[in-house]
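Contents: one structure, followed by commentary.
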Amino acid sequence: MKPQNAVITEVIHETPTITTLKTDIMLDAAPGQFVMVWVRGLDEVPMALSQPDSITVQRVGEATAALSDMHVGDSIGIRGPFGKGFELEGDRILLIAGGVGSAPLLPLAQLAHAKGVDITVILGARTGDELLFEQQFSKCGRVSVATDDGSKGHHGFVTELMSQFDLTDFDQCYVCGPELMMDRVLDILHSAEMEARSQFSLHRYFKCGIGVCGACTIDPSGLRVCKDGPVVHGNMLINSELGRYHRDATGKKIGH
Amino acid sequence: MTKPDLSIELTGMGMKNPTILAAGVLGTTGSSLKRVANSGAGAVVTKSIGIEPKPGHPNPTMFKLECGFLNAMGLPNPSYKEFRGELDTAKESGVPVIASVFGAHPDEFSKIIDGLDGADAYELNVSCPHASGYGAVVGTDPLLVEEITRAAKQTANAPVWVKLTPNVTDIVAIGEAAQRGGADAVVAINTVRSMAIDIHSGYPILGNLYGGLSGPAIHPVAVKCVYDLYQALDIPVIGVGGIANYQDAVEMMMAGACAVQIGSAIYDSISVFDDVTMGLSEYLVSHGLVLDDIIGLAHRKVGL
């Protein structure tokens, strides 16, 4: 599809670095699916849908800075929704979110809450100010908070909070956050033999976004993050490139 | 009824079936090429590899239209030095791995081929329609194509295929130039130069402004190019352009292709290679034919 025109109807400054753009287009998407967001004349970048009509952007590069500075009435191009989202399984679930990784997990929490699923959220960020969607998650279930600087909740990483739970009590565990956080979470889930009952939302450099070009494939499975993912079960990630390296726009391996 | 033998020998290279992954599709990494090989492709072609790392054009680089796909990837590649390891990984698949190579002049092609020794064949990309200084910029000049092919042949320890652009007045003239340069086969066609504009804003959609069209829309264009090349050349023609099922493959072979490449159709499923091979097999059985009977059949029907 050619990009659809999406007009921004509301701008919400969630944290000092994270902004939600609500648009006039309501997409029929599963939680965890993504869209390719075209900032005309600049770039096109993949973004998780934080609501069926919204994307939530962290200012990290040129395109995300341009998006973060947009106003009501501005427009962007949207292709999607694409990829495989989260599959809601079981009656008791654990969500582990780091930073802007809360974005694809929020619609999952809302869907699970509507279905009466018992939800626990471990929410992490660098600082208390940067915690994303804490209030929204609190409406869906119990939330435990960790911040790197200790300004709110546990002083440390989300992985340290995982030890407070018997992980095997959960039917399914859903994870999205920085790569090294996800890698450590995978190790812990693997130790608890929970890797097959976990789902990770991955990030890689996307070009086509539709599973054809191969820029986002991961080793050694050759899975395409944009089409076979972005949500992948943890057992598919054991001994993978996760946490070790990714490829840049040229295809060169970049170590973590 | 026994299953017909679909194995072929193409430019001296044995293949279990005549389907090949086209260049530029899922060919960035060795593990991705292995995955395609394991899903049934008879051979795989890598992403086009150059002398220096290239990030490619800015996004959007590809999107789907109703009639096909528009892309301007911009030859992203990590350079032949970085790609060396990916080629070795791809070769673990056991199917032939063809290295697609692009350069601005004959020496560059030679240097890259030398650096990627061990490939089962080399496909010279003189046909990418949207990369400044490369691809079709060199591939529309018959003298340059001949010179590049000759240089590649002198360096390569494996067959050299030349992939042709349809964005010329006479593709046969370029095919003949490749043949004079010593090419072992030609591959036709690369994408058709094209463009799309966002009517909400007036911006061209591709980051590169224009690009190449692939998929169903270009299949008849490719059939005509293959038909003409088969008639004019003595070397094998490999058909590519919009092949998505066995019927498309049979048609391309009747035009003269001895093997087919499949690219965009992996959008629907990576199992397309298995599907085409099985369909081709059943087609041959039900018509009491072998592969050789259908290659170039259209020419024999009209007495050429």
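We label chains A, B, ... in the order they appear in the structure tokens, count residues from 1 in each chain, and number ligands from 1 in the order shown.
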- Task: Once DSSP has gone over the backbone, tell me which residues of range 121-202 of chain B are in strand (DSSP E or B), as an MDAnalysis selection string.
- Result: chainID B and resid 121:125 160:164 185:188 192:194 197
- Contact residues around Val57 in chain A with only C-alpha atoms at 10 Å, ignoring same-chain residues under 5 positions, as a list in words: His13, Glu14, Thr17, Ile18, Thr19, Thr20, Leu21, Met47, Ala48, Leu49, Ser50, Ala63, Thr64, Ala65, Leu67, Ser68, Val100 and Ala103 of chain A
- Counting only C-alpha atoms, what is within 10 Å of Asp248 in chain B, bar same-chain residues fewer than 2 positions away, as a PyMOL selection string? chain B and resi 216+219-220+223+240-246+250-254+260+276+280
- Message: So that I can check the secondary structure, give me every residue of range 29-105 of chain B assigned alpha helix (DSSP H) by backbone DSSP, as a PyMOL selection string.
- Response: chain B and resi 30-38+80-91
- Excluding range 19-28 of chain B and residues on its chain fewer than 4 positions from it, collect all residues at most 7 Å away from it, counting only C-alpha atoms, and give them as a ChimeraX atom specification. /A:212-215,251 /B:32-33,41-48,100,259-263,273
